[in-house]
Amino acid sequence: MSLDARSRISCTFKAIGIWIIIFLSSNLIGGIAGQVGGLVSAMASIQTSFTILSMLTAIILFRDEYRDLMGFRSPPIKSISRVVAISFISSLPTTYLINILASTSKQIQADIQLLIPMTLILAPIGEELLFRGLLLGCLMRCISRWPSIMVSSIIFALVHLPAFTAYSEISLTRFLIFAGALILGVIAGHFKISTDSLIPAIITHSIFNLSGMVTGVMTKLSIWPMGSPFLCGGPGGI
């Protein structure tokens with residue numbers, strides 16, 4: 001489908017508008033859950049809302065095309081090993097650098113039994129369905145591949161910043177988190193489009209969060225930013 005410049009701009013804003021509605025609705029649900037069950041309940045509710053609302057929106061708006069838009073298909077088996085290798089090669093130095101250089105003013109601890117499934121399973125699934133599934137899928141209908149990846153990745157990185165104002169007031173820390181999230185977004189977006197599947201993006205996200213935890217322990221920071229619905233792991237986790 002070929003669109004003129006005006007149509008591409010309009011289409012892009014509509015895609016972002018859909019994302020905003022789901023994002024704000026999920027955070028509202030999480031805020032209510034947090035009042036009742038605390039911080040972990042809020043985070044779980046937000047990620048669950050991301051998952052459910054993204055899928056429902058795709059099905060309602062795109063009907064028979066929602067599977068292609070969201071990437072609901074199995075990736076080529078041979079691509080999985082490449083995804084895992086590139087994700088580890090990219091995430092370990094990135095998260096290690098963040099954990100080495102990032103300064104924090106607070107340490108927020110959480111039960112490891114709650115942290116691990118939140119970090120490695122729930123957050124990657126919920127966020128990838130919203131950002132690389134619905135948002136990136138909608139953007140790909142409006143603009144070309146790399147502009148779509150960059151727009152979705154920048155939005156993904158920007159939503160990390162408000163959560164870190166309560167965690168650290170150091171500008172360098174927030175910049176590093178933004179940069180790390182941007183790198184994750186670009187890699188995950190590339191994998192989603194190149195494989196026509198969301199699974200590699202979820203794997204990449206989970207590996208980045210795992211790397212953030214591992215490098216956080218390696219640098220003896222052991223700081224888990226559980227105050228954010230988007231960030232799980234050490235300062236290098238996303």
# chains A, B, ... in the order shown; residues from 1 in each chain; ligands from 1

$ residues_around --residues "A:Val214" --least-positions-apart "2" --cutoff "9 Å" --atoms "only C-alpha atoms" --output "JSON, numbers by chain"
{"A": [92, 95, 96, 209, 210, 211, 212, 216, 217, 218, 219, 233, 234]}

$ residues_around --residues "A:Ala181" --least-positions-apart "4" --cutoff "8 Å" --atoms "only C-alpha atoms" --output "MDAnalysis selection string"
chainID A and resid 153 156:157 160 177 185 238

$ residues_around --residues "A:Gly133" --least-positions-apart "6" --cutoff "8 Å" --atoms "only C-alpha atoms" --output "PyMOL selection string"
chain A and resi 54+69-71+198

$ write_last_selection --atoms "all heavy atoms" --output "mmCIF file, in the first residue's frame"
data_model
loop_
_atom_site.group_PDB
_atom_site.id
_atom_site.type_symbol
_atom_site.label_atom_id
_atom_site.label_comp_id
_atom_site.auth_asym_id
_atom_site.auth_seq_id
_atom_site.Cartn_x
_atom_site.Cartn_y
_atom_site.Cartn_z
ATOM 1 N N SER A 54 -3.603 -5.167 23.912
ATOM 2 C CA SER A 54 -2.932 -5.175 22.607
ATOM 3 C C SER A 54 -3.534 -6.225 21.684
ATOM 4 O O SER A 54 -3.801 -5.964 20.503
ATOM 5 C CB SER A 54 -1.433 -5.434 22.785
ATOM 6 O OG SER A 54 -0.814 -4.401 23.502
ATOM 7 N N LEU A 69 0.054 -8.688 11.501
ATOM 8 C CA LEU A 69 0.426 -7.421 12.099
ATOM 9 C C LEU A 69 1.197 -7.617 13.405
ATOM 10 O O LEU A 69 2.214 -6.971 13.656
ATOM 11 C CB LEU A 69 -0.827 -6.574 12.351
ATOM 12 C CG LEU A 69 -0.553 -5.200 12.989
ATOM 13 C CD1 LEU A 69 -1.128 -4.095 12.111
ATOM 14 C CD2 LEU A 69 -1.170 -5.109 14.381
ATOM 15 N N MET A 70 0.716 -8.531 14.242
ATOM 16 C CA MET A 70 1.319 -8.738 15.563
ATOM 17 C C MET A 70 2.526 -9.673 15.515
ATOM 18 O O MET A 70 3.323 -9.700 16.446
ATOM 19 C CB MET A 70 0.274 -9.318 16.513
ATOM 20 C CG MET A 70 -0.896 -8.393 16.792
ATOM 21 S SD MET A 70 -0.441 -6.925 17.742
ATOM 22 C CE MET A 70 -0.202 -7.639 19.374
ATOM 23 N N GLY A 71 2.673 -10.445 14.446
ATOM 24 C CA GLY A 71 3.772 -11.401 14.373
ATOM 25 C C GLY A 71 3.460 -12.701 15.090
ATOM 26 O O GLY A 71 4.343 -13.316 15.686
ATOM 27 N N LEU A 198 6.942 -12.333 16.467
ATOM 28 C CA LEU A 198 7.198 -11.576 17.691
ATOM 29 C C LEU A 198 8.066 -12.358 18.674
ATOM 30 O O LEU A 198 8.654 -11.780 19.583
ATOM 31 C CB LEU A 198 5.865 -11.206 18.355
ATOM 32 C CG LEU A 198 5.900 -10.182 19.481
ATOM 33 C CD1 LEU A 198 6.357 -8.821 18.959
ATOM 34 C CD2 LEU A 198 4.527 -10.054 20.139
#

$ atom_distance --atom1 "atom CA of A:Ile98" --atom2 "atom CA of A:Met118"
20.7 Å

$ atom_distance --atom1 "atom CA of A:Arg6" --atom2 "atom CA of A:Cys142"
10.4 Å
